[in-house]
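data.tsv follows (TSV, C-alpha atoms and all ligand atoms):
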```
chain	number	residue	atom	x	y	z
E	1412	MET	CA	57.89	120.04	96.75
E	1413	ASP	CA	54.25	120.96	97.23
E	1414	GLY	CA	52.45	122.70	100.07
E	1415	ASN	CA	54.48	125.83	100.84
E	1416	GLY	CA	51.43	128.04	100.31
E	1417	ARG	CA	49.16	125.95	102.55
E	1418	TRP	CA	51.85	125.76	105.23
E	1419	ALA	CA	52.08	129.56	105.25
E	1420	LYS	CA	48.30	130.03	105.22
E	1421	GLU	CA	47.88	127.77	108.25
E	1422	ARG	CA	50.20	130.14	110.11
E	1423	GLY	CA	48.84	133.40	108.79
E	1424	LEU	CA	52.10	134.01	106.90
E	1425	SER	CA	52.69	135.14	103.32
E	1426	ARG	CA	53.26	132.62	100.53
E	1427	SER	CA	56.84	133.92	100.23
E	1428	GLU	CA	57.45	132.96	103.85
E	1429	GLY	CA	56.12	129.51	102.99
E	1430	HIS	CA	58.65	129.26	100.18
E	1431	ARG	CA	61.42	130.38	102.54
E	1432	ALA	CA	60.46	127.58	104.95
E	1433	GLY	CA	60.45	125.30	101.90
E	1434	ALA	CA	64.07	126.23	101.15
E	1435	GLU	CA	64.97	125.27	104.72
E	1436	ALA	CA	63.30	121.88	104.12
E	1437	VAL	CA	65.48	121.50	101.02
E	1438	ARG	CA	68.59	122.01	103.14
E	1439	ARG	CA	67.39	119.42	105.72
E	1440	THR	CA	66.40	116.92	103.03
E	1441	VAL	CA	69.68	117.21	101.16
E	1442	GLU	CA	71.52	116.64	104.44
E	1443	ALA	CA	69.35	113.58	105.21
E	1444	CYS	CA	69.86	112.18	101.69
E	1445	THR	CA	73.65	112.50	101.95
E	1446	ASP	CA	73.56	110.69	105.33
E	1447	VAL	CA	71.41	107.87	103.94
E	1448	GLY	CA	73.62	107.51	100.86
E	1449	ILE	CA	71.05	108.35	98.18
E	1450	GLU	CA	72.83	108.71	94.82
E	1451	VAL	CA	70.50	111.05	92.96
E	1452	LEU	CA	67.86	113.42	94.34
E	1453	THR	CA	65.74	115.38	91.88
E	1454	LEU	CA	63.76	118.25	93.38
E	1455	TYR	CA	60.83	119.71	91.46
E	1456	ALA	CA	61.50	123.32	92.36
E	1457	PHE	CA	59.70	125.24	89.60
E	1458	SER	CA	57.47	123.86	86.86
E	1459	SER	CA	56.78	125.09	83.33
E	1460	GLU	CA	53.29	125.92	84.63
E	1461	ASN	CA	54.54	127.89	87.65
E	1462	TRP	CA	55.28	130.84	85.32
E	1463	LYS	CA	51.51	131.47	85.43
E	1464	ARG	CA	51.72	132.54	89.10
E	1465	PRO	CA	51.52	136.24	90.06
E	1466	LYS	CA	54.66	138.12	88.99
E	1467	ALA	CA	55.58	138.99	92.59
E	1468	GLU	CA	55.51	135.34	93.65
E	1469	VAL	CA	57.60	134.23	90.66
E	1470	GLU	CA	60.12	136.96	91.46
E	1471	ALA	CA	60.24	135.93	95.12
E	1472	LEU	CA	60.86	132.30	94.10
E	1473	MET	CA	63.64	133.30	91.70
E	1474	ARG	CA	65.31	135.48	94.35
E	1475	LEU	CA	65.07	132.61	96.81
E	1476	LEU	CA	66.64	130.24	94.28
E	1477	GLU	CA	69.49	132.64	93.60
E	1478	ARG	CA	70.08	133.16	97.32
E	1479	PHE	CA	69.95	129.41	98.00
E	1480	LEU	CA	72.51	128.73	95.27
E	1481	THR	CA	74.87	131.38	96.62
E	1482	ASP	CA	74.45	131.15	100.42
E	1483	LYS	CA	74.24	127.36	100.65
E	1484	LEU	CA	76.95	126.65	98.10
E	1485	ASP	CA	79.82	126.18	100.56
E	1486	GLU	CA	77.76	123.96	102.85
E	1487	ILE	CA	76.59	121.86	99.88
E	1488	CYS	CA	80.14	121.63	98.58
E	1489	GLU	CA	81.40	120.45	101.97
E	1490	ARG	CA	78.85	117.65	101.84
E	1491	ASN	CA	80.38	116.48	98.54
E	1492	VAL	CA	77.10	117.21	96.71
E	1493	ARG	CA	77.17	117.68	92.93
E	1494	PHE	CA	74.68	120.26	91.61
E	1495	GLN	CA	72.88	119.68	88.32
E	1496	ALA	CA	69.75	121.15	86.74
E	1497	ILE	CA	67.11	120.09	84.23
E	1498	GLY	CA	64.42	122.10	82.47
E	1499	GLN	CA	64.18	125.04	80.10
E	1500	LEU	CA	66.91	126.86	82.00
E	1501	ASP	CA	67.26	129.63	79.40
E	1502	LYS	CA	63.85	130.90	80.59
E	1503	LEU	CA	65.21	131.67	84.07
E	1504	PRO	CA	66.35	135.21	84.91
E	1505	LYS	CA	70.00	135.79	83.93
E	1506	ARG	CA	71.12	136.14	87.57
E	1507	CYS	CA	69.62	132.73	88.40
E	1508	GLN	CA	71.25	131.15	85.37
E	1509	GLU	CA	74.61	132.57	86.44
E	1510	ALA	CA	74.21	131.41	90.06
E	1511	LEU	CA	73.18	127.99	88.77
E	1512	HIS	CA	76.15	127.68	86.43
E	1513	ARG	CA	78.52	128.78	89.20
E	1514	ALA	CA	77.07	126.13	91.52
E	1515	ILE	CA	77.28	123.44	88.83
E	1516	ALA	CA	80.88	124.36	87.96
E	1517	LYS	CA	82.02	124.58	91.58
E	1518	THR	CA	80.59	121.15	92.49
E	1519	ALA	CA	81.35	119.36	89.21
E	1520	GLU	CA	84.10	117.19	90.72
E	1521	ASN	CA	82.10	116.18	93.81
E	1522	THR	CA	81.37	112.49	94.08
E	1523	GLY	CA	78.55	112.28	96.63
E	1524	LEU	CA	74.85	112.97	96.15
E	1525	THR	CA	73.87	114.33	92.73
E	1526	LEU	CA	71.27	117.03	93.41
E	1527	VAL	CA	69.24	117.74	90.30
E	1528	LEU	CA	67.07	120.86	90.44
E	1529	ALA	CA	64.11	120.74	88.06
E	1530	LEU	CA	63.61	124.38	87.07
E	1531	SER	CA	61.16	125.68	84.51
E	1532	TYR	CA	60.69	121.96	84.05
E	1533	GLY	CA	57.77	120.13	82.45
E	1534	GLY	CA	57.65	116.45	81.51
E	1535	ARG	CA	55.70	117.08	78.31
E	1536	GLU	CA	58.04	119.91	77.32
E	1537	GLU	CA	61.00	117.59	77.91
E	1538	ILE	CA	59.48	114.91	75.67
E	1539	VAL	CA	58.83	117.49	72.94
E	1540	ASP	CA	62.42	118.81	73.25
E	1541	ALA	CA	63.76	115.24	73.01
E	1542	THR	CA	61.66	114.68	69.89
E	1543	LYS	CA	63.04	117.86	68.31
E	1544	SER	CA	66.57	116.73	69.12
E	1545	ILE	CA	65.93	113.32	67.54
E	1546	VAL	CA	64.43	114.89	64.42
E	1547	ARG	CA	67.50	117.15	64.13
E	1548	HIS	CA	69.83	114.14	64.38
E	1549	VAL	CA	67.83	112.30	61.72
E	1550	ALA	CA	67.73	115.35	59.41
E	1551	GLU	CA	71.51	115.79	59.74
E	1552	GLY	CA	72.00	112.14	58.84
E	1553	HIS	CA	73.43	111.11	62.25
E	1554	LEU	CA	70.53	108.84	63.19
E	1555	ASP	CA	68.65	106.18	61.25
E	1556	PRO	CA	64.94	106.36	62.20
E	1557	ALA	CA	64.85	102.54	62.25
E	1558	MET	CA	67.28	102.66	65.20
E	1559	ILE	CA	64.97	104.74	67.43
E	1560	ASN	CA	63.92	102.75	70.49
E	1561	THR	CA	63.28	103.58	74.15
E	1562	GLU	CA	67.01	103.76	74.97
E	1563	VAL	CA	67.74	106.09	72.06
E	1564	PHE	CA	64.78	108.24	73.04
E	1565	ALA	CA	65.89	108.41	76.70
E	1566	ALA	CA	69.33	109.52	75.53
E	1567	HIS	CA	67.73	112.72	74.20
E	1568	LEU	CA	65.93	113.62	77.44
E	1569	TYR	CA	67.34	116.22	79.86
E	1570	THR	CA	67.85	113.33	82.29
E	1571	ARG	CA	70.09	111.32	79.93
E	1572	TYR	CA	72.93	111.35	82.50
E	1573	TYR	CA	70.85	110.04	85.41
E	1574	PRO	CA	69.13	106.74	86.16
E	1575	ASP	CA	65.32	106.59	86.28
E	1576	PRO	CA	64.02	107.35	89.77
E	1577	ASP	CA	63.29	104.36	92.02
E	1578	LEU	CA	61.14	106.35	94.39
E	1579	LEU	CA	58.84	109.30	93.81
E	1580	VAL	CA	57.85	111.23	96.93
E	1581	ARG	CA	54.76	113.43	96.70
E	1582	THR	CA	54.06	115.88	99.52
E	1583	SER	CA	50.84	117.64	100.61
E	1584	GLY	CA	48.69	114.58	99.92
E	1585	GLU	CA	47.98	115.34	96.25
E	1586	LEU	CA	47.52	112.30	94.04
E	1587	ARG	CA	48.92	113.60	90.77
E	1588	LEU	CA	52.23	113.81	88.92
E	1589	SER	CA	51.86	117.45	87.85
E	1590	ASN	CA	54.01	117.02	84.72
E	1591	PHE	CA	57.04	115.68	86.63
E	1592	LEU	CA	59.45	113.25	84.91
E	1593	LEU	CA	56.58	111.65	83.00
E	1594	TRP	CA	58.79	109.34	80.96
E	1595	GLN	CA	61.19	108.47	83.76
E	1596	VAL	CA	58.73	107.46	86.52
E	1597	SER	CA	57.21	104.56	84.54
E	1598	TYR	CA	58.37	102.08	87.19
E	1599	ALA	CA	59.03	104.38	90.13
E	1600	GLU	CA	57.47	103.45	93.45
E	1601	ILE	CA	55.18	106.26	94.57
E	1602	PHE	CA	55.06	107.44	98.17
E	1603	VAL	CA	52.49	110.05	99.10
E	1604	THR	CA	52.65	111.94	102.39
E	1605	LYS	CA	50.12	114.43	103.73
E	1606	LYS	CA	53.02	116.45	105.15
E	1607	LEU	CA	53.38	119.87	103.54
E	1608	TRP	CA	56.81	120.42	101.98
E	1609	PRO	CA	58.12	122.85	104.68
E	1610	ASP	CA	57.52	120.08	107.26
E	1611	PHE	CA	59.47	117.51	105.24
E	1612	GLY	CA	62.66	116.13	106.73
E	1613	ARG	CA	64.55	113.10	107.88
E	1614	ASP	CA	61.61	111.35	109.59
E	1615	VAL	CA	59.37	111.35	106.49
E	1616	LEU	CA	62.32	110.43	104.27
E	1617	ASP	CA	63.04	107.44	106.51
E	1618	GLU	CA	59.36	106.46	106.39
E	1619	ALA	CA	59.39	106.67	102.57
E	1620	ILE	CA	62.55	104.54	102.30
E	1621	GLU	CA	61.19	102.04	104.81
E	1622	GLU	CA	58.01	101.64	102.78
E	1623	PHE	CA	59.99	101.49	99.52
E	1624	SER	CA	62.07	98.63	100.91
E	1625	ARG	CA	58.89	96.61	101.54
E	1626	ARG	CA	57.56	96.96	97.99
E	1627	GLU	CA	58.02	94.09	95.58
E	1628	ARG	CA	59.21	95.45	92.23
E	1629	ARG	CA	58.43	93.14	89.33
E	1630	PHE	CA	58.84	95.54	86.37
E	1631	GLY	CA	56.04	93.75	84.54
E	1632	ASP	CA	57.50	90.30	85.27
E	1633	VAL	CA	56.07	87.73	87.73
E	1634	SER	CA	57.37	87.12	91.27
E	1635	PRO	CA	60.26	84.65	91.47
E	1636	PRO	CA	59.03	81.22	92.62
E	1701	LIG	C1	55.58	124.97	96.49
E	1701	LIG	O1	54.30	124.85	97.00
E	1701	LIG	C2	55.68	124.74	95.02
E	1701	LIG	C3	56.58	125.70	94.30
E	1701	LIG	C4	56.26	126.19	93.12
E	1701	LIG	C5	57.85	126.09	94.88
E	1701	LIG	P1	53.04	125.66	96.49
E	1701	LIG	O2	53.36	127.10	96.34
E	1701	LIG	O3	52.45	125.00	95.29
E	1701	LIG	O4	52.07	125.47	97.75
E	1701	LIG	P2	50.49	125.28	97.77
E	1701	LIG	O5	50.12	124.21	96.80
E	1701	LIG	O6	49.89	126.61	97.45
E	1701	LIG	O7	50.21	124.87	99.20
E	1702	MG	MG	50.95	123.62	94.97
```
Can I see the file as structure tokens?
Ligand code: IPE
Ligand code: MG
Amino acid sequence: MDGNGRWAKERGLSRSEGHRAGAEAVRRTVEACTDVGIEVLTLYAFSSENWKRPKAEVEALMRLLERFLTDKLDEICERNVRFQAIGQLDKLPKRCQEALHRAIAKTAENTGLTLVLALSYGGREEIVDATKSIVRHVAEGHLDPAMINTEVFAAHLYTRYYPDPDLLVRTSGELRLSNFLLWQVSYAEIFVTKKLWPDFGRDVLDEAIEEFSRRERRFGDVSPP
């Protein structure tokens, strides 16, 4: 969800106001995804690297997250959305962790869209954490190293409960992955839009899905005759 800062700058607003507009785009996008029938939506809300930002901005983002999880919870619940989160969640402020766990618990039985928030998330960190988990299983005698393959490895990632993404949407025109789901996006179709995240909504989502539906996915195979 990139471009909140640029969106604010274009309007002479503060970066925090850009993030607030970004939260509104989250609400719109979640609504659009539930209408379209998307099964899993993972939003890159805060990266491992975002901790480097000025303290005031990090605090503003954390407050916004906490408020989003509390104020929007009923609306999200009504839409049958199931909240989940991935990342090094223990690094988040306690209040955010509590709000997150409340949201996850309250929506656990919902059967619609699974909304995964990537928080304090980094793809490399996730791969390292998976490796540590595998090493622990081997050391405790629960896993034979000869059995380790891509499926076993994936079962130790934070995303073990979710399918790999089919479509990766990148906003603000940047052509990079920025440490997002590095393992999981191996065969994802990539859609890049110049739109800044606060301007994201149903129209761009439709455009992304439309383009996705025209792509031929071969997964390394050849086209059928
Ligand atoms: C939002 O956009 C990303 C978050 C960490 C929430 P940015 O804050 O990176 O916006 P730009 O890149 O400065 O425009
Ligand atoms: Mg950015």
Against ligand MG 1702 (chain E), which residues of chain E fall within 12 Å? For each one I want the closest pair of atoms and the distance in Å (one decimal), counting all atoms listed in the file, rows by chain and increasing residue number, as a tab-separated table.
```
residue	atom	partner	partner_atom	distance
E:Met1412	CA	E:MG1702	MG	8.0
E:Asp1413	CA	E:MG1702	MG	4.8
E:Gly1414	CA	E:MG1702	MG	5.4
E:Asn1415	CA	E:MG1702	MG	7.2
E:Gly1416	CA	E:MG1702	MG	6.9
E:Arg1417	CA	E:MG1702	MG	8.1
E:Trp1418	CA	E:MG1702	MG	10.5
E:Ala1419	CA	E:MG1702	MG	11.9
E:Arg1426	CA	E:MG1702	MG	10.8
E:Gly1429	CA	E:MG1702	MG	11.2
E:His1430	CA	E:MG1702	MG	10.9
E:Gly1433	CA	E:MG1702	MG	11.9
E:Tyr1455	CA	E:MG1702	MG	11.2
E:Ala1456	CA	E:MG1702	MG	10.9
E:Phe1457	CA	E:MG1702	MG	10.4
E:Ser1458	CA	E:MG1702	MG	10.4
E:Glu1460	CA	E:MG1702	MG	10.8
E:Asn1461	CA	E:MG1702	MG	9.2
E:Arg1464	CA	E:MG1702	MG	10.7
E:Arg1581	CA	E:MG1702	MG	11.0
E:Thr1582	CA	E:MG1702	MG	9.5
E:Ser1583	CA	E:MG1702	MG	8.2
E:Gly1584	CA	E:MG1702	MG	10.6
E:Glu1585	CA	E:MG1702	MG	8.9
E:Leu1586	CA	E:MG1702	MG	11.9
E:Arg1587	CA	E:MG1702	MG	11.1
E:Leu1588	CA	E:MG1702	MG	11.6
E:Ser1589	CA	E:MG1702	MG	9.5
E:Leu1607	CA	E:MG1702	MG	9.7
E:Trp1608	CA	E:MG1702	MG	9.7
```
(message) Need to verify the contact set: E:Lys1483, 12 Å, only C-alpha atoms, exclusion of same-chain residues closer than 3 positions in sequence. Can you return it as a PyMOL selection string?
(response) chain E and resi 1434-1435+1437-1439+1441-1442+1475-1480+1486-1490+1492+1494+1510-1511+1514
(message) Just the number, please: distance in Å from atom CA of E:Arg1535 to atom CA of E:Ala1557, one decimal.
(response)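 Between atom CA of E:Arg1535 and atom CA of E:Ala1557 the gap is 23.5 Å.
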(request) Quote the spacing between atom CA of E:Pro1504 and atom CA of E:Leu1579 in Å to one decimal place. (result)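 Distance between the two atoms: 28.4 Å.
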(request) Using all atoms listed in the file, find the one residue out of E:Thr1525, E:Asn1491, E:Ser1531, E:Gln1508 that sits nearest to ligand LIG 1701 (chain E). (result)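 Of E:Thr1525, E:Asn1491, E:Ser1531, E:Gln1508, the one nearest ligand LIG 1701 (chain E) is E:Ser1531, counting all atoms listed in the file.
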(message) Report, in Å to a single decimal, how far apart atom CA of E:Phe1623 and atom CA of E:Ala1565 are.
(response)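 Between atom CA of E:Ala1565 and atom CA of E:Phe1623 the gap is 24.6 Å.
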(request) Measuring atom to atom with all atoms listed in the file, identify which of E:Asp1575, E:Gly1612, E:Gly1631, E:Ala1619 is nearest to E:Val1596. (result) E:Asp1575
Taking every listed atom of ligand LIG 1701 (chain E) and adding 8 Å to each side, what centre and edge lengths in Å (one decimal) does the axis-aligned box have, as JSON?
```
{"center_x": 53.9, "center_y": 125.7, "center_z": 96.2, "size_x": 24.0, "size_y": 18.9, "size_z": 22.1}
```
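The shortest atom-to-atom distance to E:Asp1632, with all atoms listed in the file taken into account, belongs to E:Tyr1598 out of E:Ala1436, E:Tyr1598, E:Asn1521, E:Asp1610.
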(message) Could you list, as an MDAnalysis selection string, every residue within 9 Å of E:Val1580, counting all atoms listed in the file and ignoring same-chain residues fewer than 3 positions away?
(response) chainID E and resid 1412 1600:1604 1616 1619
(request) Pick out the closest residue to ligand LIG 1701 (chain E) from this set: E:Gln1595, E:Thr1440, E:Ser1425, E:Thr1570. Count only C-alpha atoms and all ligand atoms. (result)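 So, comparing all the options, the nearest one is E:Ser1425.
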(request) Find the residues around E:Glu1537 up to 8 Å (all atoms listed in the file counted), leave out those fewer than 6 positions away in its own chain, and share them as an MDAnalysis selection string. (result) chainID E and resid 1498 1568:1569
(request) Would you mind telling me which residue in E:Gly1552, E:Pro1609, E:Gly1533, E:Gly1523 lies nearest to ligand LIG 1701 (chain E) when using only C-alpha atoms and all ligand atoms? (result)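 Nearest to ligand LIG 1701 (chain E): E:Pro1609.
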File output for stretch 1592-1604 of chain E (all heavy atoms) as a PDB file, in the first residue's frame:
```pdb
ATOM      1  N   LEU E1592       6.370 -10.950   0.726  1.00  0.00           N
ATOM      2  CA  LEU E1592       6.032 -12.332   0.365  1.00  0.00           C
ATOM      3  C   LEU E1592       6.985 -12.925  -0.678  1.00  0.00           C
ATOM      4  O   LEU E1592       6.541 -13.495  -1.677  1.00  0.00           O
ATOM      5  CB  LEU E1592       4.592 -12.393  -0.163  1.00  0.00           C
ATOM      6  CG  LEU E1592       3.474 -11.973   0.803  1.00  0.00           C
ATOM      7  CD1 LEU E1592       2.116 -12.065   0.108  1.00  0.00           C
ATOM      8  CD2 LEU E1592       3.447 -12.841   2.057  1.00  0.00           C
ATOM      9  N   LEU E1593       8.282 -12.786  -0.433  1.00  0.00           N
ATOM     10  CA  LEU E1593       9.277 -13.156  -1.441  1.00  0.00           C
ATOM     11  C   LEU E1593       9.134 -14.597  -1.923  1.00  0.00           C
ATOM     12  O   LEU E1593       9.224 -14.890  -3.103  1.00  0.00           O
ATOM     13  CB  LEU E1593      10.686 -12.955  -0.880  1.00  0.00           C
ATOM     14  CG  LEU E1593      11.045 -11.506  -0.540  1.00  0.00           C
ATOM     15  CD1 LEU E1593      12.475 -11.446  -0.016  1.00  0.00           C
ATOM     16  CD2 LEU E1593      10.884 -10.604  -1.753  1.00  0.00           C
ATOM     17  N   TRP E1594       8.898 -15.492  -0.990  1.00  0.00           N
ATOM     18  CA  TRP E1594       8.761 -16.911  -1.346  1.00  0.00           C
ATOM     19  C   TRP E1594       7.457 -17.136  -2.107  1.00  0.00           C
ATOM     20  O   TRP E1594       7.422 -17.828  -3.127  1.00  0.00           O
ATOM     21  CB  TRP E1594       8.784 -17.751  -0.058  1.00  0.00           C
ATOM     22  CG  TRP E1594       8.430 -19.189  -0.223  1.00  0.00           C
ATOM     23  CD1 TRP E1594       7.175 -19.696  -0.438  1.00  0.00           C
ATOM     24  CD2 TRP E1594       9.328 -20.294  -0.219  1.00  0.00           C
ATOM     25  NE1 TRP E1594       7.230 -21.054  -0.546  1.00  0.00           N
ATOM     26  CE2 TRP E1594       8.541 -21.456  -0.411  1.00  0.00           C
ATOM     27  CE3 TRP E1594      10.701 -20.433  -0.038  1.00  0.00           C
ATOM     28  CZ2 TRP E1594       9.096 -22.737  -0.447  1.00  0.00           C
ATOM     29  CZ3 TRP E1594      11.247 -21.702  -0.068  1.00  0.00           C
ATOM     30  CH2 TRP E1594      10.448 -22.832  -0.281  1.00  0.00           C
ATOM     31  N   GLN E1595       6.389 -16.534  -1.596  1.00  0.00           N
ATOM     32  CA  GLN E1595       5.035 -16.851  -2.046  1.00  0.00           C
ATOM     33  C   GLN E1595       4.685 -16.288  -3.422  1.00  0.00           C
ATOM     34  O   GLN E1595       3.773 -16.787  -4.075  1.00  0.00           O
ATOM     35  CB  GLN E1595       4.010 -16.326  -1.030  1.00  0.00           C
ATOM     36  CG  GLN E1595       4.117 -16.952   0.351  1.00  0.00           C
ATOM     37  CD  GLN E1595       5.137 -16.244   1.250  1.00  0.00           C
ATOM     38  OE1 GLN E1595       5.999 -15.502   0.800  1.00  0.00           O
ATOM     39  NE2 GLN E1595       5.037 -16.487   2.549  1.00  0.00           N
ATOM     40  N   VAL E1596       5.351 -15.221  -3.869  1.00  0.00           N
ATOM     41  CA  VAL E1596       4.937 -14.587  -5.132  1.00  0.00           C
ATOM     42  C   VAL E1596       5.659 -15.152  -6.360  1.00  0.00           C
ATOM     43  O   VAL E1596       5.560 -14.581  -7.444  1.00  0.00           O
ATOM     44  CB  VAL E1596       5.087 -13.040  -5.106  1.00  0.00           C
ATOM     45  CG1 VAL E1596       4.190 -12.433  -4.041  1.00  0.00           C
ATOM     46  CG2 VAL E1596       6.532 -12.602  -4.935  1.00  0.00           C
ATOM     47  N   SER E1597       6.332 -16.297  -6.184  1.00  0.00           N
ATOM     48  CA  SER E1597       7.092 -16.896  -7.286  1.00  0.00           C
ATOM     49  C   SER E1597       6.322 -16.911  -8.602  1.00  0.00           C
ATOM     50  O   SER E1597       6.882 -16.633  -9.659  1.00  0.00           O
ATOM     51  CB  SER E1597       7.476 -18.330  -6.943  1.00  0.00           C
ATOM     52  OG  SER E1597       8.395 -18.324  -5.896  1.00  0.00           O
ATOM     53  N   TYR E1598       5.037 -17.252  -8.538  1.00  0.00           N
ATOM     54  CA  TYR E1598       4.240 -17.338  -9.766  1.00  0.00           C
ATOM     55  C   TYR E1598       3.045 -16.393  -9.756  1.00  0.00           C
ATOM     56  O   TYR E1598       2.105 -16.563 -10.535  1.00  0.00           O
ATOM     57  CB  TYR E1598       3.823 -18.792 -10.044  1.00  0.00           C
ATOM     58  CG  TYR E1598       4.935 -19.516 -10.772  1.00  0.00           C
ATOM     59  CD1 TYR E1598       5.823 -20.330 -10.098  1.00  0.00           C
ATOM     60  CD2 TYR E1598       5.126 -19.305 -12.136  1.00  0.00           C
ATOM     61  CE1 TYR E1598       6.878 -20.949 -10.746  1.00  0.00           C
ATOM     62  CE2 TYR E1598       6.174 -19.914 -12.803  1.00  0.00           C
ATOM     63  CZ  TYR E1598       7.041 -20.738 -12.112  1.00  0.00           C
ATOM     64  OH  TYR E1598       8.087 -21.327 -12.776  1.00  0.00           O
ATOM     65  N   ALA E1599       3.111 -15.375  -8.913  1.00  0.00           N
ATOM     66  CA  ALA E1599       2.016 -14.393  -8.887  1.00  0.00           C
ATOM     67  C   ALA E1599       2.093 -13.523 -10.145  1.00  0.00           C
ATOM     68  O   ALA E1599       3.178 -13.219 -10.636  1.00  0.00           O
ATOM     69  CB  ALA E1599       2.135 -13.514  -7.651  1.00  0.00           C
ATOM     70  N   GLU E1600       0.944 -13.138 -10.649  1.00  0.00           N
ATOM     71  CA  GLU E1600       0.892 -12.164 -11.729  1.00  0.00           C
ATOM     72  C   GLU E1600       1.023 -10.790 -11.081  1.00  0.00           C
ATOM     73  O   GLU E1600       0.387 -10.504 -10.068  1.00  0.00           O
ATOM     74  CB  GLU E1600      -0.448 -12.264 -12.477  1.00  0.00           C
ATOM     75  CG  GLU E1600      -0.636 -13.590 -13.199  1.00  0.00           C
ATOM     76  CD  GLU E1600       0.398 -13.813 -14.305  1.00  0.00           C
ATOM     77  OE1 GLU E1600       0.806 -12.828 -14.949  1.00  0.00           O
ATOM     78  OE2 GLU E1600       0.803 -14.976 -14.509  1.00  0.00           O
ATOM     79  N   ILE E1601       1.858  -9.943 -11.692  1.00  0.00           N
ATOM     80  CA  ILE E1601       2.113  -8.632 -11.094  1.00  0.00           C
ATOM     81  C   ILE E1601       1.365  -7.552 -11.870  1.00  0.00           C
ATOM     82  O   ILE E1601       1.411  -7.516 -13.098  1.00  0.00           O
ATOM     83  CB  ILE E1601       3.626  -8.346 -11.064  1.00  0.00           C
ATOM     84  CG1 ILE E1601       4.334  -9.432 -10.220  1.00  0.00           C
ATOM     85  CG2 ILE E1601       3.915  -6.954 -10.490  1.00  0.00           C
ATOM     86  CD1 ILE E1601       5.840  -9.322 -10.195  1.00  0.00           C
ATOM     87  N   PHE E1602       0.654  -6.728 -11.130  1.00  0.00           N
ATOM     88  CA  PHE E1602      -0.060  -5.596 -11.724  1.00  0.00           C
ATOM     89  C   PHE E1602       0.431  -4.329 -11.040  1.00  0.00           C
ATOM     90  O   PHE E1602       0.350  -4.199  -9.830  1.00  0.00           O
ATOM     91  CB  PHE E1602      -1.575  -5.770 -11.511  1.00  0.00           C
ATOM     92  CG  PHE E1602      -2.396  -4.599 -12.005  1.00  0.00           C
ATOM     93  CD1 PHE E1602      -2.798  -4.521 -13.331  1.00  0.00           C
ATOM     94  CD2 PHE E1602      -2.753  -3.581 -11.139  1.00  0.00           C
ATOM     95  CE1 PHE E1602      -3.554  -3.444 -13.786  1.00  0.00           C
ATOM     96  CE2 PHE E1602      -3.513  -2.497 -11.587  1.00  0.00           C
ATOM     97  CZ  PHE E1602      -3.913  -2.434 -12.916  1.00  0.00           C
ATOM     98  N   VAL E1603       0.964  -3.418 -11.860  1.00  0.00           N
ATOM     99  CA  VAL E1603       1.480  -2.170 -11.294  1.00  0.00           C
ATOM    100  C   VAL E1603       0.576  -1.025 -11.740  1.00  0.00           C
ATOM    101  O   VAL E1603       0.254  -0.906 -12.916  1.00  0.00           O
ATOM    102  CB  VAL E1603       2.931  -1.901 -11.757  1.00  0.00           C
ATOM    103  CG1 VAL E1603       3.443  -0.568 -11.203  1.00  0.00           C
ATOM    104  CG2 VAL E1603       3.859  -3.033 -11.323  1.00  0.00           C
ATOM    105  N   THR E1604       0.152  -0.223 -10.777  1.00  0.00           N
ATOM    106  CA  THR E1604      -0.635   0.968 -11.113  1.00  0.00           C
ATOM    107  C   THR E1604       0.098   2.205 -10.600  1.00  0.00           C
ATOM    108  O   THR E1604       0.759   2.159  -9.561  1.00  0.00           O
ATOM    109  CB  THR E1604      -2.054   0.908 -10.505  1.00  0.00           C
ATOM    110  OG1 THR E1604      -2.693   2.170 -10.723  1.00  0.00           O
ATOM    111  CG2 THR E1604      -2.040   0.621  -9.011  1.00  0.00           C
TER     112      THR E1604
END
```
